[in-house]
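The data block below is start.tsv; it holds TSV, C-alpha atoms and all ligand atoms.
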chain	number	residue	atom	x	y	z
A	1	MET	CA	73.94	6.18	-0.68
A	2	ASN	CA	75.20	6.18	2.96
A	3	THR	CA	74.21	9.81	3.42
A	4	THR	CA	70.94	11.73	3.45
A	5	HIS	CA	70.19	14.18	0.65
A	6	VAL	CA	67.81	17.12	0.97
A	7	PHE	CA	66.16	18.76	-2.03
A	8	VAL	CA	64.21	22.00	-2.01
A	9	ALA	CA	62.16	23.67	-4.74
A	10	ASP	CA	59.97	26.69	-5.20
A	11	THR	CA	56.70	25.40	-6.67
A	12	SER	CA	55.32	28.81	-7.64
A	13	ALA	CA	56.55	28.37	-11.24
A	14	LEU	CA	54.17	25.40	-11.73
A	15	VAL	CA	51.60	27.31	-13.77
A	16	GLY	CA	50.20	26.79	-17.27
A	17	ASP	CA	52.11	24.18	-19.29
A	18	ALA	CA	54.57	23.55	-16.45
A	19	TYR	CA	51.61	22.69	-14.19
A	20	ARG	CA	50.13	20.33	-16.78
A	21	ARG	CA	53.50	18.57	-17.30
A	22	ALA	CA	53.91	18.16	-13.56
A	23	TYR	CA	50.35	16.84	-13.24
A	24	ASP	CA	51.07	14.23	-15.93
A	25	ALA	CA	54.36	13.17	-14.30
A	26	VAL	CA	53.04	12.32	-10.82
A	27	SER	CA	51.19	9.26	-9.51
A	28	ASP	CA	47.43	8.73	-9.86
A	29	ALA	CA	47.13	9.05	-6.07
A	30	ARG	CA	48.85	12.45	-6.17
A	31	ARG	CA	46.61	13.67	-8.98
A	32	ALA	CA	43.56	12.60	-6.94
A	33	ALA	CA	44.92	14.42	-3.87
A	34	VAL	CA	45.63	17.55	-5.91
A	35	ASP	CA	42.12	17.46	-7.37
A	36	ARG	CA	40.70	17.49	-3.84
A	37	LEU	CA	42.61	20.67	-2.92
A	38	HIS	CA	40.99	24.07	-3.47
A	39	SER	CA	43.91	26.45	-3.13
A	40	PRO	CA	46.17	26.77	-6.22
A	41	VAL	CA	49.16	27.33	-3.91
A	42	ALA	CA	48.45	24.04	-2.10
A	43	GLN	CA	47.87	22.24	-5.41
A	44	ARG	CA	51.23	23.43	-6.77
A	45	ALA	CA	53.01	22.51	-3.52
A	46	SER	CA	51.53	19.01	-3.43
A	47	LEU	CA	52.34	18.42	-7.09
A	48	GLY	CA	55.79	19.96	-6.69
A	49	ALA	CA	56.62	17.79	-3.66
A	50	GLU	CA	56.13	14.55	-5.58
A	51	LEU	CA	57.80	15.96	-8.67
A	52	LEU	CA	60.76	16.86	-6.46
A	53	LEU	CA	60.93	13.24	-5.27
A	54	TRP	CA	61.20	12.00	-8.86
A	55	ARG	CA	63.80	14.66	-9.68
A	56	ALA	CA	65.76	13.67	-6.56
A	57	SER	CA	65.55	9.97	-7.49
A	58	ASN	CA	66.92	10.87	-10.91
A	59	VAL	CA	69.83	12.85	-9.47
A	60	LEU	CA	70.65	10.00	-7.06
A	61	GLY	CA	70.15	7.23	-9.67
A	62	LEU	CA	67.32	5.59	-7.70
A	63	PRO	CA	64.54	3.52	-9.29
A	64	LYS	CA	61.15	5.19	-9.87
A	65	ALA	CA	59.26	2.83	-7.55
A	66	SER	CA	55.50	2.94	-6.93
A	67	LEU	CA	54.53	4.70	-3.73
A	68	VAL	CA	52.50	3.07	-0.97
A	69	ARG	CA	51.23	4.73	2.21
A	70	ASP	CA	51.54	2.85	5.52
A	71	ALA	CA	48.87	2.73	8.25
A	72	HIS	CA	50.00	6.18	9.50
A	73	GLY	CA	49.85	7.79	6.09
A	74	LYS	CA	53.64	7.94	5.55
A	75	PRO	CA	54.48	7.22	1.92
A	76	HIS	CA	57.28	4.76	1.05
A	77	PRO	CA	58.59	3.40	-2.22
A	78	GLU	CA	57.15	-0.11	-2.67
A	79	GLY	CA	59.57	-2.66	-1.13
A	80	LYS	CA	61.37	0.23	0.68
A	81	PRO	CA	64.54	0.30	-1.49
A	82	PHE	CA	65.23	3.72	0.10
A	83	GLY	CA	63.59	6.10	2.54
A	84	PHE	CA	62.19	9.52	1.77
A	85	ASN	CA	60.01	12.16	3.32
A	86	LEU	CA	58.20	15.17	1.90
A	87	SER	CA	57.13	18.46	3.41
A	88	HIS	CA	55.53	21.57	1.96
A	89	SER	CA	54.73	25.01	3.29
A	90	GLY	CA	53.43	27.86	1.16
A	91	SER	CA	55.16	27.46	-2.19
A	92	VAL	CA	58.22	25.62	-0.82
A	93	ALA	CA	58.54	21.85	-1.23
A	94	VAL	CA	61.21	19.73	0.45
A	95	CYS	CA	62.18	16.12	-0.13
A	96	ALA	CA	64.73	14.23	2.00
A	97	VAL	CA	66.07	10.92	0.68
A	98	SER	CA	68.06	8.43	2.75
A	99	ASP	CA	69.04	4.80	3.29
A	100	THR	CA	67.37	5.09	6.69
A	101	GLU	CA	63.99	6.26	7.93
A	102	VAL	CA	63.96	10.02	7.48
A	103	GLY	CA	61.75	12.95	8.43
A	104	CYS	CA	61.76	16.54	7.23
A	105	ASP	CA	59.76	19.66	7.89
A	106	VAL	CA	59.62	23.10	6.32
A	107	GLU	CA	57.74	25.98	7.93
A	108	HIS	CA	57.53	29.73	7.45
A	109	PRO	CA	57.71	32.08	10.43
A	110	ARG	CA	54.33	33.19	11.74
A	111	ASP	CA	53.57	34.82	15.08
A	112	ALA	CA	51.08	32.09	16.07
A	113	LEU	CA	54.04	29.69	16.33
A	114	LEU	CA	55.19	31.35	19.54
A	115	LYS	CA	51.93	30.32	21.24
A	116	VAL	CA	51.82	26.85	19.67
A	117	THR	CA	55.44	26.15	20.55
A	118	GLU	CA	54.56	26.70	24.24
A	119	ARG	CA	52.45	23.54	24.03
A	120	VAL	CA	55.16	21.32	22.62
A	121	CYS	CA	58.27	22.68	24.35
A	122	GLY	CA	59.77	21.27	27.53
A	123	ASN	CA	60.76	23.46	30.50
A	124	ALA	CA	64.39	23.90	29.39
A	125	GLU	CA	63.26	24.80	25.85
A	126	LYS	CA	60.75	27.35	27.20
A	127	ALA	CA	63.42	28.84	29.49
A	128	PHE	CA	65.76	29.13	26.49
A	129	LEU	CA	63.08	30.96	24.47
A	130	THR	CA	62.38	33.33	27.35
A	131	SER	CA	66.09	34.08	27.76
A	132	LEU	CA	66.33	35.36	24.17
A	133	PRO	CA	65.78	38.98	23.12
A	134	PRO	CA	62.21	39.24	21.74
A	135	HIS	CA	63.36	39.67	18.11
A	136	GLU	CA	65.18	36.29	18.21
A	137	ARG	CA	62.35	34.28	19.76
A	138	LEU	CA	60.28	33.53	16.66
A	139	ASP	CA	63.20	32.04	14.74
A	140	ALA	CA	64.16	29.88	17.75
A	141	ALA	CA	60.53	28.74	18.12
A	142	LEU	CA	60.52	27.87	14.41
A	143	ARG	CA	63.69	25.83	14.93
A	144	PHE	CA	62.18	23.88	17.84
A	145	TRP	CA	58.97	23.28	15.85
A	146	THR	CA	60.65	22.04	12.67
A	147	LEU	CA	63.17	19.88	14.56
A	148	LYS	CA	60.42	18.22	16.61
A	149	GLU	CA	58.26	17.67	13.56
A	150	SER	CA	61.19	16.17	11.61
A	151	ALA	CA	61.73	13.70	14.46
A	152	VAL	CA	58.02	12.82	14.62
A	153	LYS	CA	57.98	12.33	10.87
A	154	ALA	CA	61.11	10.12	10.99
A	155	CYS	CA	59.30	7.92	13.54
A	156	GLY	CA	56.44	7.78	11.04
A	157	LYS	CA	53.80	6.98	13.65
A	158	GLY	CA	51.82	10.16	13.12
A	159	LEU	CA	50.65	12.24	16.04
A	160	SER	CA	50.76	9.26	18.46
A	161	VAL	CA	54.42	10.16	19.14
A	162	GLY	CA	53.96	13.70	20.45
A	163	MET	CA	56.30	16.52	19.48
A	164	GLU	CA	56.68	17.39	23.18
A	165	ARG	CA	58.55	14.10	23.72
A	166	PHE	CA	61.52	15.28	21.63
A	167	CYS	CA	63.54	18.05	23.29
A	168	PHE	CA	66.47	19.93	21.82
A	169	SER	CA	69.20	22.28	22.85
A	170	LEU	CA	69.94	25.00	20.27
A	171	THR	CA	73.18	26.79	19.48
A	172	ASN	CA	74.21	28.91	16.50
A	173	ASN	CA	76.03	25.84	15.16
A	174	GLY	CA	73.10	23.44	15.25
A	175	ALA	CA	70.76	21.46	17.44
A	176	THR	CA	71.34	18.56	19.84
A	177	LEU	CA	68.62	16.07	20.76
A	178	VAL	CA	68.39	16.04	24.56
A	179	THR	CA	65.43	13.72	25.20
A	180	ALA	CA	63.55	11.33	22.93
A	181	PRO	CA	60.89	8.63	23.43
A	182	VAL	CA	62.77	6.13	21.28
A	183	ASP	CA	66.35	4.90	21.26
A	184	ALA	CA	67.64	5.95	17.87
A	185	SER	CA	71.01	7.29	16.79
A	186	TRP	CA	69.60	10.14	14.78
A	187	GLN	CA	71.31	13.09	13.22
A	188	PHE	CA	69.65	16.45	12.68
A	189	ARG	CA	70.43	19.23	10.27
A	190	GLU	CA	68.79	22.61	9.85
A	191	PHE	CA	68.65	24.98	6.89
A	192	ARG	CA	67.40	28.57	6.73
A	193	LEU	CA	65.99	29.85	3.45
A	194	PRO	CA	66.38	33.52	2.38
A	195	SER	CA	62.62	33.98	3.05
A	196	GLY	CA	63.21	33.11	6.73
A	197	ALA	CA	61.58	29.67	6.35
A	198	ARG	CA	63.28	26.89	8.27
A	199	ILE	CA	63.89	23.30	7.22
A	200	ALA	CA	64.83	20.53	9.67
A	201	VAL	CA	65.83	17.01	8.71
A	202	CYS	CA	66.16	13.94	10.94
A	203	ALA	CA	67.87	10.78	9.64
A	204	GLY	CA	70.13	7.92	10.65
A	205	THR	CA	73.07	9.06	8.51
A	206	THR	CA	75.02	12.25	7.81
A	207	ILE	CA	72.84	14.89	6.16
A	208	GLU	CA	74.41	16.59	3.15
A	209	ASP	CA	74.10	20.24	2.03
A	210	LEU	CA	70.86	21.37	0.40
A	211	HIS	CA	70.26	20.67	-3.31
A	212	ILE	CA	68.26	23.55	-4.80
A	213	ILE	CA	66.15	22.30	-7.72
A	214	THR	CA	64.30	24.30	-10.37
A	215	LEU	CA	61.12	22.42	-11.25
B	301	LIG	C1	52.43	13.81	8.85
B	301	LIG	C2	52.20	15.08	9.60
B	301	LIG	C3	53.27	15.17	10.68
B	301	LIG	C4	52.28	16.16	8.56
B	301	LIG	O1	52.64	17.41	9.02
B	301	LIG	P1	52.38	18.80	8.27
B	301	LIG	O2	53.29	19.79	8.88
B	301	LIG	O3	50.94	19.08	8.27
B	301	LIG	O4	52.76	18.59	6.76
B	301	LIG	P2	54.14	18.46	6.00
B	301	LIG	O5	54.00	19.26	4.78
B	301	LIG	O6	55.35	18.70	6.85
B	301	LIG	O7	54.20	16.91	5.64
B	301	LIG	C5	53.23	16.33	4.85
B	301	LIG	C6	53.85	15.12	4.19
B	301	LIG	O8	54.35	14.20	5.15
B	301	LIG	C7	54.19	12.88	4.64
B	301	LIG	N1	53.50	12.11	5.66
B	301	LIG	C8	52.19	11.79	5.77
B	301	LIG	N2	51.98	11.05	6.86
B	301	LIG	C9	53.17	10.90	7.48
B	301	LIG	C10	53.61	10.23	8.67
B	301	LIG	N3	52.79	9.55	9.44
B	301	LIG	N4	54.93	10.31	9.00
B	301	LIG	C11	55.79	10.97	8.22
B	301	LIG	N5	55.44	11.62	7.08
B	301	LIG	C12	54.15	11.59	6.71
B	301	LIG	C13	53.41	12.98	3.34
B	301	LIG	O9	54.31	12.85	2.24
B	301	LIG	C14	52.82	14.36	3.42
B	301	LIG	O10	52.71	15.04	2.20
B	301	LIG	P3	51.75	14.55	1.03
B	301	LIG	O11	50.47	14.12	1.70
B	301	LIG	O12	51.61	15.73	0.15
B	301	LIG	O13	52.47	13.38	0.39
B	301	LIG	C15	50.86	15.13	10.30
B	301	LIG	O14	49.87	15.45	9.41
B	301	LIG	C16	50.53	13.79	10.90
B	301	LIG	O15	51.12	13.40	11.90
B	301	LIG	N6	49.59	13.11	10.31
B	301	LIG	C17	49.29	11.80	10.72
B	301	LIG	C18	47.97	11.86	11.40
B	301	LIG	C19	47.73	10.57	12.04
B	301	LIG	O16	48.33	10.22	13.03
B	301	LIG	N7	46.80	9.84	11.48
B	301	LIG	C20	46.47	8.59	11.97
B	301	LIG	C21	46.31	7.64	10.84
B	301	LIG	S1	46.07	6.05	11.49
Here is the file; what I need is its structure written in the form of structure tokens.
Ligand SMILES: CC(C)(COP(=O)(O)OP(=O)(O)OC[C@H]1O[C@@H](n2cnc3c(N)ncnc32)[C@H](O)[C@@H]1OP(=O)(O)O)[C@@H](O)C(=O)NCCC(=O)NCCS
Amino acid sequence: MNTTHVFVADTSALVGDAYRRAYDAVSDARRAAVDRLHSPVAQRASLGAELLLWRASNVLGLPKASLVRDAHGKPHPEGKPFGFNLSHSGSVAVCAVSDTEVGCDVEHPRDALLKVTERVCGNAEKAFLTSLPPHERLDAALRFWTLKESAVKACGKGLSVGMERFCFSLTNNGATLVTAPVDASWQFREFRLPSGARIAVCAGTTIEDLHIITL
């Protein structure tokens, strides 16, 4: 593969027969997780995220391996023939697939993020947010949040590696990792969806353009 591929899908079409077909196509563990969810939006997103992984594997010619979760809850294909990571927010599902460990995050803008970001941003990041005109702050906060979460998810150690330990510098052309708790030669790539949602991906190889998939 040598590069990282990012797939995105809108899961809101998974209703009726499409929902039943998706339910039949995913793993037993996913079906059990979906059965435990109460919100139809969350059920469709969870189902759609795994379905997206199988569609991505198909596109990339990868084997449909069984999935196992490690001690931190991060799923891997059995035997780790490749790396992947899933994220879902609202009806959007994202799947990043790579030769290396990979993390991805998708989030929609919401005002509460400005407050939450305060907690996980370093001094330079906070100063950058304050320097922006108010109408640009939420999108920048969303960028910091998704970038930090993608890095945490690439590490795969859950919340024990805090988001505040990854700090970024943002420009209109992309993000640069300024400080990190681990020595890794990571690359980051960001995508903005028409809805304003932001996706960030962290991986050890070049990250390709987004593949948009219809489930
Ligand atoms: C993983 C985590 C960052 C998820 O963040 P989130 O913004 O709520 O959710 P996202 O939609 O972005 O990502 C969820 C997906 O990440 C994946 N995931 C789960 N655990 C993960 C981990 N430790 N690292 C990376 N990815 C993980 C899963 O595929 C999950 O989706 P699924 O359950 O539908 O398969 C967060 O919940 C977390 O850190 N959990 C671990 C908690 C922990 O430390 N537990 C200790 C266990 S010993």
Enumerate, in order of chain and increasing residue number, the residues of range 48-72 of chain A with an atom no farther than 12 Å from range 12-24 of chain A, each with its shortest atom pair and distance in Å to one decimal, counting all atoms listed in the file, as a tab-separated table.
residue	atom	partner	partner_atom	distance
A:Gly48	CA	A:Ala22	CA	7.3
A:Ala49	CA	A:Ala22	CA	10.3
A:Glu50	CA	A:Ala22	CA	9.0
A:Leu51	CA	A:Ala22	CA	6.6
A:Leu52	CA	A:Ala22	CA	10.0
A:Leu53	CA	A:Ala22	CA	11.9
A:Trp54	CA	A:Ala22	CA	10.6
A:Arg55	CA	A:Ala22	CA	11.2
Within 8 Å of Met163 in chain A, counting all atoms listed in the file, which residues show up once you throw out same-chain ones fewer than 4 positions away? Write them as a tab-separated table (two decimals) with C-alpha atoms, in the frame of the given file, please.
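Printed below is part-v3.tsv as written:
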chain	number	residue	atom	x	y	z
A	120	VAL	CA	55.16	21.32	22.62
A	148	LYS	CA	60.42	18.22	16.61
A	149	GLU	CA	58.26	17.67	13.56
A	151	ALA	CA	61.73	13.70	14.46
A	152	VAL	CA	58.02	12.82	14.62
A	159	LEU	CA	50.65	12.24	16.04
Using 4 Å of padding on each side, determine the axis-aligned box around all atoms of ligand LIG 301 (chain B) present in the file and give its centre and edge lengths in Å to one decimal, as JSON.
{"center_x": 50.9, "center_y": 12.9, "center_z": 6.6, "size_x": 17.7, "size_y": 21.7, "size_z": 20.9}
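Proximity ranking of A:Asn85, A:Gln187, A:Asn123, A:Thr179 relative to Gly156 in chain A places A:Asn85 first, based on all atoms listed in the file.
With all atoms listed in the file as the atoms that count, the minimum distance from ligand LIG 301 (chain B) to the choices A:Ser195, A:Ser131, A:Ser46, A:Ser185 is reached by A:Ser46.
The nearest approach to Ala42 in chain A among the residues A:Ser150, A:Ser160, A:Thr11, A:Asn173, with all atoms listed in the file taken into account, belongs to A:Thr11.
Closest approach to Val201 in chain A among A:Val6, A:Ala141, A:Val116, A:Cys104 is made by A:Cys104 (distances from all atoms listed in the file).
Candidate residues A:Leu129, A:Lys74, A:Arg192, A:Cys155 were compared for distance to Lys115 in chain A, and the nearest is A:Leu129, using all atoms listed in the file.
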ask   = What lies within 12 Å of Asp70 in chain A using all atoms listed in the file, ignoring chain neighbours under 2 positions off, as number ranges by chain?
value = A: 67-68, 72-80, 156-158
message = Restricting the calculation to only C-alpha atoms and all ligand atoms: of A:Arg189, A:Lys64, A:His38, A:Lys153, which residue gets closest to ligand LIG 301 (chain B)?
response = A:Lys153
inquiry  = To one decimal place in Å, what is the distance between CA of Ala200 in chain A and CA of Phe188 in chain A?
reply    = 7.0 Å
ask   = If you count all atoms listed in the file, which residues fall within 9 Å of Ala175 in chain A, apart from same-chain ones fewer than 6 positions away, as number ranges by chain?
value = A: 143-144, 147, 168-169, 188-190
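The two atoms in question, CA of Pro194 in chain A and atom O12 of ligand LIG 301 (chain B), are spaced 23.2 Å apart.
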